[in-house]
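Enquirer: Data: upload33.txt, compact mmCIF, C-alpha atoms.
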```
# COMPACT_ATOMS: atom_id res chain seq x y z
CA MET Y 1 0.00 0.00 0.00
CA ARG Y 2 1.05 3.62 -0.45
CA ILE Y 3 1.66 6.07 2.39
CA SER Y 4 -1.81 7.59 1.99
CA GLU Y 5 -3.38 4.14 2.41
CA LEU Y 6 -1.10 3.35 5.36
CA SER Y 7 -2.32 6.57 6.96
CA ALA Y 8 -5.98 5.80 6.30
CA GLU Y 9 -5.66 2.22 7.52
CA SER Y 10 -3.72 3.09 10.70
CA GLY Y 11 -5.38 6.38 11.55
CA VAL Y 12 -1.93 8.02 11.84
CA ALA Y 13 -1.50 11.29 9.90
CA ILE Y 14 1.00 11.32 7.00
CA PRO Y 15 3.32 13.96 8.56
CA THR Y 16 3.48 11.81 11.72
CA ILE Y 17 4.33 8.72 9.68
CA LYS Y 18 7.09 10.70 7.96
CA TYR Y 19 8.41 11.78 11.34
CA TYR Y 20 8.53 8.14 12.53
CA LEU Y 21 10.38 7.20 9.33
CA ARG Y 22 12.95 9.96 9.86
CA GLU Y 23 13.45 8.98 13.53
CA GLY Y 24 13.91 5.35 12.54
CA LEU Y 25 10.93 4.19 14.64
CA LEU Y 26 9.20 2.95 11.49
CA HIS Y 27 11.20 0.94 8.96
CA GLN Y 28 11.36 2.25 5.39
CA GLY Y 29 8.93 0.94 2.79
CA GLU Y 30 10.06 -0.70 -0.41
CA GLN Y 31 11.09 2.04 -2.85
CA THR Y 32 9.13 1.48 -6.10
CA ALA Y 33 9.93 4.82 -7.75
CA ALA Y 34 11.90 7.96 -6.89
CA THR Y 35 9.03 9.44 -4.91
CA ARG Y 36 6.97 6.35 -4.12
CA ALA Y 37 7.32 3.55 -1.57
CA GLU Y 38 5.21 0.50 -0.79
CA TYR Y 39 4.17 -0.34 2.77
CA ASP Y 40 2.72 -3.57 4.15
CA ASP Y 41 1.24 -5.21 7.24
CA SER Y 42 4.55 -4.98 9.10
CA HIS Y 43 4.26 -1.19 8.92
CA LEU Y 44 0.70 -1.31 10.25
CA ARG Y 45 1.81 -3.50 13.16
CA ARG Y 46 4.70 -1.17 13.90
CA LEU Y 47 2.41 1.88 13.93
CA ARG Y 48 0.12 0.09 16.38
CA LEU Y 49 3.11 -0.63 18.60
CA ILE Y 50 4.36 2.99 18.48
CA ARG Y 51 0.90 4.22 19.38
CA ALA Y 52 0.71 1.80 22.33
CA LEU Y 53 4.12 2.87 23.66
CA LEU Y 54 3.35 6.56 23.21
CA GLU Y 55 -0.29 6.91 24.19
CA VAL Y 56 -0.71 4.08 26.69
CA GLY Y 57 2.82 3.50 27.99
CA ARG Y 58 3.49 7.28 27.94
CA LEU Y 59 7.12 6.55 27.08
CA PRO Y 60 9.44 9.31 25.83
CA VAL Y 61 10.72 8.91 22.26
CA ALA Y 62 14.21 7.92 23.51
CA SER Y 63 12.71 4.92 25.38
CA ILE Y 64 10.53 4.02 22.41
CA LYS Y 65 13.67 3.86 20.25
CA LYS Y 66 15.22 1.34 22.65
CA VAL Y 67 12.11 -0.82 22.59
CA ILE Y 68 11.94 -0.72 18.78
CA ALA Y 69 15.64 -1.61 18.55
CA ALA Y 70 14.93 -4.68 20.70
CA VAL Y 71 11.97 -5.61 18.49
CA GLU Y 72 14.14 -5.34 15.37
CA ASP Y 73 17.02 -7.35 16.81
CA GLU Y 74 15.84 -10.83 15.77
CA ASP Y 75 18.76 -12.41 17.67
CA LEU Y 76 17.39 -11.11 20.97
CA PRO Y 77 15.21 -13.79 22.62
CA ILE Y 78 11.51 -12.90 23.04
CA HIS Y 79 11.70 -12.92 26.85
CA GLU Y 80 14.54 -10.34 26.80
CA MET Y 81 12.71 -8.21 24.25
CA LEU Y 82 9.54 -8.19 26.36
CA GLY Y 83 11.65 -7.34 29.43
CA ILE Y 84 13.03 -4.20 27.80
CA ALA Y 85 9.51 -2.93 27.08
CA HIS Y 86 8.23 -4.03 30.48
CA TYR Y 87 11.01 -2.36 32.48
CA ALA Y 88 10.49 0.90 30.57
CA LEU Y 89 6.88 1.03 31.81
CA GLY Y 90 7.75 1.31 35.51
CA PRO Y 91 8.85 4.47 37.31
CA ALA Y 92 12.61 5.04 37.62
CA VAL Y 93 13.49 4.43 41.29
CA GLU Y 94 16.85 5.47 42.71
CA PRO Y 95 18.15 3.35 45.60
CA GLU Y 96 18.54 5.51 48.73
CA PRO Y 97 21.68 5.54 50.82
CA GLY Y 98 21.49 3.92 54.23
CA GLU Y 99 20.77 0.75 56.14
CA ASP Y 100 16.96 1.05 55.99
CA TRP Y 101 17.01 0.90 52.19
CA ARG Y 102 19.42 -2.04 52.23
CA GLN Y 103 17.11 -3.94 54.57
CA ALA Y 104 13.98 -3.24 52.50
CA ARG Y 105 15.76 -4.34 49.34
CA ALA Y 106 17.02 -7.53 51.05
CA GLU Y 107 13.45 -8.24 52.15
CA VAL Y 108 12.27 -7.99 48.52
CA ASP Y 109 15.01 -10.39 47.41
CA ARG Y 110 14.05 -12.88 50.14
CA LEU Y 111 10.37 -12.59 49.22
CA LEU Y 112 11.05 -13.41 45.55
CA ASP Y 113 13.41 -16.24 46.48
CA GLY Y 114 10.79 -17.68 48.79
CA LEU Y 115 8.12 -17.48 46.09
CA GLY Y 116 10.44 -19.03 43.53
CA TRP Y 117 9.52 -16.27 41.06
CA ASP Y 118 11.86 -15.97 38.11
CA VAL Y 119 12.57 -12.21 38.28
CA SER Y 120 15.97 -10.94 37.09
CA ALA Y 121 18.42 -9.83 39.81
CA HIS Y 122 18.63 -6.54 37.89
CA ALA Y 123 14.89 -6.00 37.44
CA PRO Y 124 13.99 -2.40 38.40
CA THR Y 125 10.79 -3.75 39.97
CA ARG Y 126 12.95 -4.95 42.89
CA ASP Y 127 13.93 -1.37 43.76
CA GLU Y 128 10.39 -0.19 43.15
CA LEU Y 129 8.96 -2.62 45.69
CA ALA Y 130 11.79 -1.85 48.15
CA GLN Y 131 10.87 1.84 47.99
CA THR Y 132 7.22 1.11 48.76
CA LEU Y 133 8.11 -1.23 51.64
CA LEU Y 134 10.48 1.34 53.12
CA LYS Y 135 7.80 4.04 52.97
CA MET Y 136 5.29 1.71 54.66
CA ARG Y 137 7.73 1.02 57.50
CA GLN Y 138 8.64 4.69 57.91
CA LEU Y 139 4.95 5.48 58.30
CA GLY Y 140 4.47 2.75 60.88
CA MET Y 141 2.13 0.61 58.75
CA THR Y 142 1.61 -3.08 59.39
CA VAL Y 143 3.06 -4.74 56.30
CA ASP Y 144 1.59 -7.96 54.94
CA LEU Y 145 2.15 -8.51 51.25
CA ALA Y 146 0.85 -12.09 51.15
CA PRO Y 147 -2.70 -11.33 49.91
CA TYR Y 148 -1.29 -9.06 47.19
CA VAL Y 149 1.22 -11.69 46.09
CA GLU Y 150 -1.63 -14.16 45.82
CA ALA Y 151 -3.85 -11.75 43.86
CA ALA Y 152 -1.02 -10.93 41.43
CA ARG Y 153 -0.06 -14.57 41.00
CA THR Y 154 -3.61 -15.67 40.27
CA LEU Y 155 -4.32 -12.90 37.78
CA VAL Y 156 -1.08 -13.31 35.88
CA ALA Y 157 -0.86 -17.08 35.72
CA GLU Y 158 -4.52 -17.70 35.01
CA VAL Y 159 -5.43 -14.79 32.78
CA GLU Y 160 -2.91 -12.19 31.79
CA MET Y 161 -0.14 -13.99 29.97
CA ASP Y 162 -2.65 -15.84 27.81
CA THR Y 163 -3.33 -12.60 25.95
CA VAL Y 164 0.29 -12.14 24.81
CA PRO Y 165 0.90 -13.77 21.39
CA PHE Y 166 4.38 -15.06 22.22
CA HIS Y 167 4.82 -16.86 18.93
CA GLY Y 168 3.45 -14.27 16.51
CA PRO Y 169 5.20 -11.18 15.11
CA ARG Y 170 7.52 -9.50 17.64
CA ASP Y 171 5.75 -6.12 17.35
CA ALA Y 172 2.40 -7.68 18.22
CA ALA Y 173 3.77 -9.43 21.34
CA VAL Y 174 5.25 -6.21 22.73
CA GLU Y 175 2.10 -4.26 21.90
CA ALA Y 176 -0.12 -6.76 23.71
CA LEU Y 177 2.16 -6.76 26.76
CA VAL Y 178 2.19 -2.96 27.00
CA LEU Y 179 -1.57 -2.57 26.55
CA GLY Y 180 -2.39 -5.35 29.00
CA THR Y 181 0.08 -4.23 31.64
CA VAL Y 182 -0.95 -0.58 31.63
CA LEU Y 183 -4.68 -0.67 30.91
CA TYR Y 184 -5.62 -3.70 33.01
CA GLY Y 185 -3.38 -2.20 35.71
CA LYS Y 186 -5.52 0.94 35.65
CA ALA Y 187 -8.72 -1.11 35.63
CA LEU Y 188 -7.57 -3.14 38.64
CA ASP Y 189 -6.63 0.01 40.54
CA VAL Y 190 -10.00 1.68 40.01
CA LEU Y 191 -11.98 -1.52 40.68
CA ARG Y 192 -10.10 -1.86 43.97
CA ARG Y 193 -11.11 1.68 44.97
CA MET Y 194 -14.71 0.98 43.96
CA ALA Y 195 -14.71 -2.18 46.09
CA GLN Y 196 -13.31 -0.15 49.01
CA GLU Y 197 -16.13 2.38 48.74
CA SER Y 198 -18.70 -0.40 48.61
CA GLU Y 199 -17.21 -2.27 51.56
CA SER Y 200 -16.98 0.94 53.60
CA ALA Y 201 -20.67 1.60 52.86
CA ARG Y 202 -21.56 -1.93 53.94
CA ARG Y 203 -19.61 -1.82 57.19
CA LEU Y 204 -20.80 1.64 58.18
CA ALA Y 205 -24.43 1.12 57.19
CA MET V 1 3.41 19.55 75.01
CA ARG V 2 5.04 22.69 73.58
CA ILE V 3 5.61 23.31 69.89
CA SER V 4 9.26 22.16 70.17
CA GLU V 5 8.12 18.83 71.63
CA LEU V 6 5.37 18.49 69.01
CA SER V 7 8.06 18.99 66.38
CA ALA V 8 10.42 16.44 67.95
CA GLU V 9 7.65 13.88 68.44
CA SER V 10 6.18 14.25 64.94
CA GLY V 11 9.39 14.81 63.00
CA VAL V 12 7.83 17.91 61.41
CA ALA V 13 9.98 21.09 61.53
CA ILE V 14 8.66 24.02 63.61
CA PRO V 15 8.36 26.44 60.63
CA THR V 16 6.30 23.80 58.81
CA ILE V 17 4.04 23.35 61.85
CA LYS V 18 3.56 27.13 61.96
CA TYR V 19 2.67 27.13 58.26
CA TYR V 20 0.03 24.43 58.84
CA LEU V 21 -1.37 26.49 61.75
CA ARG V 22 -1.61 29.62 59.57
CA GLU V 23 -3.25 27.66 56.72
CA GLY V 24 -5.78 26.18 59.14
CA LEU V 25 -4.70 22.60 58.35
CA LEU V 26 -3.64 22.13 61.98
CA HIS V 27 -5.97 23.31 64.74
CA GLN V 28 -4.60 25.85 67.25
CA GLY V 29 -3.16 24.64 70.55
CA GLU V 30 -4.46 25.82 73.90
CA GLN V 31 -3.02 29.26 74.60
CA THR V 32 -1.36 29.11 78.06
CA ALA V 33 0.51 32.43 77.87
CA ALA V 34 0.90 35.25 75.33
CA THR V 35 3.63 33.39 73.41
CA ARG V 36 3.04 29.83 74.50
CA ALA V 37 0.51 27.17 73.47
CA GLU V 38 -0.02 23.58 74.54
CA TYR V 39 -0.46 20.78 71.99
CA ASP V 40 -1.72 17.24 72.52
CA ASP V 41 -2.22 13.89 70.80
CA SER V 42 -4.87 15.31 68.49
CA HIS V 43 -2.17 17.55 66.98
CA LEU V 44 0.15 14.58 66.51
CA ARG V 45 -2.61 12.64 64.76
CA ARG V 46 -3.38 15.61 62.53
CA LEU V 47 0.27 16.00 61.55
CA ARG V 48 0.40 12.30 60.62
CA LEU V 49 -2.70 12.80 58.47
CA ILE V 50 -1.29 15.88 56.73
CA ARG V 51 1.94 13.98 56.01
CA ALA V 52 -0.02 11.05 54.55
CA LEU V 53 -2.10 13.32 52.29
CA LEU V 54 0.94 15.31 51.17
CA GLU V 55 3.69 12.71 50.80
CA VAL V 56 1.73 9.58 49.98
CA GLY V 57 -1.49 10.92 48.46
CA ARG V 58 0.45 13.71 46.68
CA LEU V 59 -2.56 15.99 47.09
CA PRO V 60 -2.28 19.74 46.52
CA VAL V 61 -2.85 21.95 49.60
CA ALA V 62 -6.29 23.00 48.32
CA SER V 63 -7.45 19.35 48.30
CA ILE V 64 -5.90 18.73 51.71
CA LYS V 65 -7.94 21.63 53.10
CA LYS V 66 -11.15 19.99 51.86
CA VAL V 67 -10.23 16.68 53.44
CA ILE V 68 -9.35 18.35 56.76
CA ALA V 69 -12.63 20.29 56.70
CA ALA V 70 -14.46 16.96 56.32
CA VAL V 71 -12.47 15.48 59.22
CA GLU V 72 -13.36 18.45 61.43
CA ASP V 73 -17.06 18.41 60.57
CA GLU V 74 -18.24 15.98 63.24
CA ASP V 75 -21.76 16.03 61.76
CA LEU V 76 -20.49 14.46 58.56
CA PRO V 77 -20.91 10.65 58.69
CA ILE V 78 -17.66 8.63 58.61
CA HIS V 79 -18.49 7.04 55.25
CA GLU V 80 -18.93 10.46 53.63
CA MET V 81 -15.73 11.76 55.23
CA LEU V 82 -13.74 8.78 53.93
CA GLY V 83 -15.31 9.27 50.48
CA ILE V 84 -14.03 12.85 50.26
CA ALA V 85 -10.47 11.68 50.94
CA HIS V 86 -10.84 8.65 48.70
CA TYR V 87 -12.19 10.57 45.71
CA ALA V 88 -9.34 13.11 46.00
CA LEU V 89 -6.80 10.30 45.49
CA GLY V 90 -7.93 9.36 41.98
CA PRO V 91 -7.04 11.22 38.79
CA ALA V 92 -9.52 13.85 37.57
CA VAL V 93 -11.22 12.40 34.49
CA GLU V 94 -13.30 14.55 32.17
CA PRO V 95 -16.14 12.78 30.36
CA GLU V 96 -15.61 12.96 26.60
CA PRO V 97 -18.29 14.06 24.16
CA GLY V 98 -19.82 11.39 21.96
CA GLU V 99 -21.65 8.12 21.84
CA ASP V 100 -18.60 5.92 22.54
CA TRP V 101 -18.06 7.56 25.92
CA ARG V 102 -21.76 7.29 26.77
CA GLN V 103 -21.70 3.57 25.99
CA ALA V 104 -18.55 2.93 28.05
CA ARG V 105 -20.01 4.83 30.98
CA ALA V 106 -23.31 2.89 30.70
CA GLU V 107 -21.31 -0.34 30.70
CA VAL V 108 -19.63 0.69 33.97
CA ASP V 109 -23.00 1.48 35.52
CA ARG V 110 -24.39 -1.90 34.43
CA LEU V 111 -21.31 -3.70 35.77
CA LEU V 112 -21.68 -2.10 39.22
CA ASP V 113 -25.43 -2.75 39.25
CA GLY V 114 -24.83 -6.37 38.38
CA LEU V 115 -22.23 -6.76 41.11
CA GLY V 116 -24.48 -5.06 43.64
CA TRP V 117 -21.58 -2.84 44.72
CA ASP V 118 -22.58 0.19 46.74
CA VAL V 119 -20.73 2.89 44.78
CA SER V 120 -22.21 6.39 44.64
CA ALA V 121 -23.81 7.44 41.33
CA HIS V 122 -21.50 10.48 41.50
CA ALA V 123 -18.28 8.58 42.30
CA PRO V 124 -15.47 9.81 40.01
CA THR V 125 -14.24 6.20 39.80
CA ARG V 126 -17.15 5.52 37.40
CA ASP V 127 -15.73 7.99 34.86
CA GLU V 128 -12.22 6.70 35.50
CA LEU V 129 -13.20 3.14 34.62
CA ALA V 130 -15.24 4.33 31.61
CA GLN V 131 -12.15 6.10 30.27
CA THR V 132 -10.05 2.93 30.57
CA LEU V 133 -12.74 0.78 28.95
CA LEU V 134 -13.11 3.23 26.08
CA LYS V 135 -9.35 3.22 25.47
CA MET V 136 -9.29 -0.60 25.49
CA ARG V 137 -12.05 -0.73 22.88
CA GLN V 138 -10.44 1.94 20.71
CA LEU V 139 -7.26 -0.13 20.67
CA GLY V 140 -9.13 -3.29 19.74
CA MET V 141 -8.39 -5.16 22.98
CA THR V 142 -10.50 -8.05 24.17
CA VAL V 143 -12.10 -6.76 27.35
CA ASP V 144 -12.85 -9.08 30.25
CA LEU V 145 -12.95 -7.40 33.64
CA ALA V 146 -14.27 -10.41 35.58
CA PRO V 147 -10.91 -11.66 36.95
CA TYR V 148 -10.02 -8.12 38.05
CA VAL V 149 -13.37 -7.63 39.75
CA GLU V 150 -12.81 -10.87 41.61
CA ALA V 151 -9.25 -9.93 42.65
CA ALA V 152 -10.39 -6.52 43.89
CA ARG V 153 -13.37 -7.93 45.74
CA THR V 154 -11.32 -10.58 47.51
CA LEU V 155 -8.55 -8.21 48.57
CA VAL V 156 -10.87 -5.52 49.84
CA ALA V 157 -13.44 -7.66 51.63
CA GLU V 158 -10.98 -10.08 53.20
CA VAL V 159 -8.02 -7.85 54.00
CA GLU V 160 -8.06 -4.18 53.24
CA MET V 161 -10.94 -2.68 55.13
CA ASP V 162 -9.88 -4.46 58.32
CA THR V 163 -6.96 -2.06 58.61
CA VAL V 164 -9.14 1.07 58.72
CA PRO V 165 -10.04 2.00 62.33
CA PHE V 166 -13.61 3.08 61.57
CA HIS V 167 -14.48 3.71 65.19
CA GLY V 168 -11.35 5.54 66.38
CA PRO V 169 -10.42 9.21 65.89
CA ARG V 170 -11.53 10.58 62.52
CA ASP V 171 -7.99 11.67 61.56
CA ALA V 172 -6.65 8.16 62.09
CA ALA V 173 -9.35 6.54 59.93
CA VAL V 174 -8.64 8.86 56.99
CA GLU V 175 -4.88 8.42 57.41
CA ALA V 176 -5.16 4.61 57.34
CA LEU V 177 -7.42 4.72 54.27
CA VAL V 178 -5.02 6.98 52.34
CA LEU V 179 -1.90 5.00 53.23
CA GLY V 180 -3.52 1.64 52.50
CA THR V 181 -5.12 2.74 49.25
CA VAL V 182 -2.00 4.34 47.78
CA LEU V 183 0.85 2.19 49.12
CA TYR V 184 -0.78 -1.22 48.82
CA GLY V 185 -1.97 -0.07 45.39
CA LYS V 186 1.65 0.52 44.41
CA ALA V 187 2.71 -2.81 45.92
CA LEU V 188 0.01 -4.66 43.99
CA ASP V 189 1.00 -2.98 40.75
CA VAL V 190 4.68 -3.88 41.07
CA LEU V 191 3.96 -7.44 42.27
CA ARG V 192 1.77 -7.91 39.22
CA ARG V 193 4.61 -6.82 36.92
CA MET V 194 7.01 -9.13 38.77
CA ALA V 195 4.60 -12.03 38.33
CA GLN V 196 4.34 -11.19 34.62
CA GLU V 197 8.11 -11.33 34.21
CA SER V 198 8.26 -14.64 36.04
CA GLU V 199 5.42 -16.17 34.03
CA SER V 200 6.96 -14.95 30.76
CA ALA V 201 10.27 -16.60 31.78
CA ARG V 202 8.46 -19.84 32.59
CA ARG V 203 6.49 -19.97 29.33
CA LEU V 204 9.44 -19.04 27.14
CA ALA V 205 12.00 -21.26 28.87
```
Now, as a test, write the supplied structure out as structure tokens.

Expert:
Amino acid sequence: MRISELSAESGVAIPTIKYYLREGLLHQGEQTAATRAEYDDSHLRRLRLIRALLEVGRLPVASIKKVIAAVEDEDLPIHEMLGIAHYALGPAVEPEPGEDWRQARAEVDRLLDGLGWDVSAHAPTRDELAQTLLKMRQLGMTVDLAPYVEAARTLVAEVEMDTVPFHGPRDAAVEALVLGTVLYGKALDVLRRMAQESESARRLA
Amino acid sequence: MRISELSAESGVAIPTIKYYLREGLLHQGEQTAATRAEYDDSHLRRLRLIRALLEVGRLPVASIKKVIAAVEDEDLPIHEMLGIAHYALGPAVEPEPGEDWRQARAEVDRLLDGLGWDVSAHAPTRDELAQTLLKMRQLGMTVDLAPYVEAARTLVAEVEMDTVPFHGPRDAAVEALVLGTVLYGKALDVLRRMAQESESARRLA
């Protein structure tokens, strides 16, 4: 298809498509004449992925470039490719100096060991959880993660990963992971607050 | 206790305490001399609440004032008071014009009706969930909220609301609700991403 059809099909404006081509986010079409190029389904899939990373993942263009580079590197195993997208979705957490941080981080490592979860030693989620634990302790909260571990485990093992097409095109797998992680994450968060309101109403009735 | 002791006990600097007094976020102490006032446990509890709303809830001072006004209005039922704090924690979502929005919002209303959850017709969480649903549909995702409803219901009914001291001081109830909602929300979100990484590793091994 030509660029005008690619635009119509994807809903992305032509100047935006040209910008993605210049930035290297979208691969070039097949040049069929000096001023004409042919695009195909791989371009449509890539535009869907860019849109997911930009509008849903809210990633800056520099991070999107890294994700796209991982998608294009066919030698990179799928699990590593998905990890690069996944890690980019979380907030950047800086470890804090001091013994309290070290203890919280060690607690996270013990928790994951105990669960037998296969989470990389360098996963930024470890620091993210350490930061939350530390804050809970500083505020004097009673900390019991067990019900949350169980909720996460059930959701992910029984439902979530089934929606990621691991064995299809690489773009489509990353897109599905990003959309599912972010949008079902939002849905879960708001449903939890709705359930809290309802339960508060019930108990205080 | 004197203001210096209130500062030492709460960990809040004296100039900050004076700012809260001027803004009306913290109630005045009992004046015992022209330049001396006595503070008590109610001031400590209030400072803990302000810290929770500011540092954990990330609320602007204008929103904090509304929450404090609800805490101080003893005629306001506990459930309503908690609702004011709770609603302030979510993002502000503007309904969009058009039929798609109307349908997504109607779907949310039907979902809550079907569940029998006691969520106010004016709860901003209804618009928040409608926005997420609409985005999912626009992106062509398969939408199935049932597992998320079940996860939220289980967590809230069996664990979460037990940590809110409904029948203690009003400040303490709001503080517990804010800390639990925000920090356990963060913990759940990161545990879910950890579980995703682990499950991806398992399936792709």

Enquirer: List as JSON lines every residue of chain Y that is in contact with chain V, defined as an atom at most 7 Å from one of its atoms (using only C-alpha atoms), together with the nearest atom pair and the distance in Å rounded to one decimal, sorted by chain and then rising number.

Expert:
```
{"residue": "Y:His79", "atom": "CA", "partner": "V:Ala201", "partner_atom": "CA", "distance": 6.3}
{"residue": "Y:Trp117", "atom": "CA", "partner": "V:Ser198", "partner_atom": "CA", "distance": 5.4}
{"residue": "Y:Asp118", "atom": "CA", "partner": "V:Ser198", "partner_atom": "CA", "distance": 4.4}
{"residue": "Y:Val119", "atom": "CA", "partner": "V:Ser198", "partner_atom": "CA", "distance": 5.4}
{"residue": "Y:Thr125", "atom": "CA", "partner": "V:Val190", "partner_atom": "CA", "distance": 6.2}
{"residue": "Y:Leu129", "atom": "CA", "partner": "V:Ala187", "partner_atom": "CA", "distance": 6.3}
{"residue": "Y:Thr132", "atom": "CA", "partner": "V:Leu183", "partner_atom": "CA", "distance": 6.5}
{"residue": "Y:Pro147", "atom": "CA", "partner": "V:Leu155", "partner_atom": "CA", "distance": 6.8}
{"residue": "Y:Tyr148", "atom": "CA", "partner": "V:Leu188", "partner_atom": "CA", "distance": 5.6}
{"residue": "Y:Val149", "atom": "CA", "partner": "V:Leu191", "partner_atom": "CA", "distance": 6.3}
{"residue": "Y:Ala151", "atom": "CA", "partner": "V:Ala151", "partner_atom": "CA", "distance": 5.8}
{"residue": "Y:Ala152", "atom": "CA", "partner": "V:Arg192", "partner_atom": "CA", "distance": 4.7}
{"residue": "Y:Arg153", "atom": "CA", "partner": "V:Ala195", "partner_atom": "CA", "distance": 5.9}
{"residue": "Y:Leu155", "atom": "CA", "partner": "V:Pro147", "partner_atom": "CA", "distance": 6.8}
{"residue": "Y:Val156", "atom": "CA", "partner": "V:Gln196", "partner_atom": "CA", "distance": 6.0}
{"residue": "Y:Ala157", "atom": "CA", "partner": "V:Glu199", "partner_atom": "CA", "distance": 6.6}
{"residue": "Y:Leu183", "atom": "CA", "partner": "V:Thr132", "partner_atom": "CA", "distance": 6.5}
{"residue": "Y:Gly185", "atom": "CA", "partner": "V:Asp189", "partner_atom": "CA", "distance": 6.7}
{"residue": "Y:Ala187", "atom": "CA", "partner": "V:Leu129", "partner_atom": "CA", "distance": 6.3}
{"residue": "Y:Leu188", "atom": "CA", "partner": "V:Tyr148", "partner_atom": "CA", "distance": 5.6}
{"residue": "Y:Asp189", "atom": "CA", "partner": "V:Gly185", "partner_atom": "CA", "distance": 6.7}
{"residue": "Y:Val190", "atom": "CA", "partner": "V:Thr125", "partner_atom": "CA", "distance": 6.2}
{"residue": "Y:Leu191", "atom": "CA", "partner": "V:Ala152", "partner_atom": "CA", "distance": 6.2}
{"residue": "Y:Arg192", "atom": "CA", "partner": "V:Ala152", "partner_atom": "CA", "distance": 4.7}
{"residue": "Y:Met194", "atom": "CA", "partner": "V:Val119", "partner_atom": "CA", "distance": 6.4}
{"residue": "Y:Ala195", "atom": "CA", "partner": "V:Arg153", "partner_atom": "CA", "distance": 5.9}
{"residue": "Y:Gln196", "atom": "CA", "partner": "V:Val156", "partner_atom": "CA", "distance": 6.0}
{"residue": "Y:Glu197", "atom": "CA", "partner": "V:Val119", "partner_atom": "CA", "distance": 6.1}
{"residue": "Y:Ser198", "atom": "CA", "partner": "V:Asp118", "partner_atom": "CA", "distance": 4.3}
{"residue": "Y:Glu199", "atom": "CA", "partner": "V:Ala157", "partner_atom": "CA", "distance": 6.6}
{"residue": "Y:Ser200", "atom": "CA", "partner": "V:His79", "partner_atom": "CA", "distance": 6.5}
{"residue": "Y:Ala201", "atom": "CA", "partner": "V:His79", "partner_atom": "CA", "distance": 6.3}
{"residue": "Y:Leu204", "atom": "CA", "partner": "V:His79", "partner_atom": "CA", "distance": 6.6}
```

Enquirer: List the spatial neighbours of range 23-35 of chain Y as a list in words - criterion: any atom at most 7 Å away, all atoms listed in the file, same-chain residues fewer than 3 positions off excluded.

Expert: Tyr19, Tyr20, Glu38, Tyr39, His43, Arg46, Lys65 and Ile68 of chain Y

Enquirer: Of the candidates Y:Leu134, Y:Arg22, Y:Arg36, Y:Ser42, which shows the shortest atom-to-atom distance to Ser4 in chain Y, using all atoms listed in the file?

Expert: Y:Arg36

Enquirer: With only C-alpha atoms as the atoms that count, which of Y:Val93, Y:Ala8, Y:Leu115, Y:Val174 lies nearest to Val67 in chain Y?

Expert: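 Closest to Val67 in chain Y of all the choices is Y:Val174.
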
Enquirer: As an exercise, work out the distance from CA of Glu9 in chain Y to CA of Ala85 in chain Y in Å and give it to one decimal place.

Expert: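 Distance between the two atoms: 25.3 Å.
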
Enquirer: Please compute the CA of Gly57 in chain V-CA of Ala92 in chain V distance, one decimal, in Å.

Expert: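 Calculated distance between CA of Gly57 in chain V and CA of Ala92 in chain V is 13.8 Å.
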
Enquirer: One decimal, Å: what's the distance from CA of Arg45 in chain V over to CA of Ala146 in chain Y, could you say?

Expert: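 For CA of Arg45 in chain V relative to CA of Ala146 in chain Y, the distance reads 28.4 Å.
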
Enquirer: Pick out the closest residue to Pro91 in chain Y from this set: Y:Met1, Y:Leu44, Y:Arg58, Y:Gly140. Count only C-alpha atoms.

Expert: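 Distance minimum relative to Pro91 in chain Y lands on Y:Arg58.
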
Enquirer: Determine the axis-aligned bounding box of all atoms of range 58-66 of chain Y present in the file, pad each side by 3 Å, and express its centre and edge lengths in Å to one decimal place as AutoDock Vina command-line options.

Expert:
```
--center_x 9.4 --center_y 5.3 --center_z 24.1 --size_x 17.7 --size_y 14.0 --size_z 13.7
```

Enquirer: Give the answer as one residue: which of V:Ala173, V:Ser63, V:Arg137, V:Ala70 has the shortest atom-to-atom distance to Gln103 in chain V, using all atoms listed in the file?

Expert: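 Checking each candidate against Gln103 in chain V, we get V:Arg137 as the closest.
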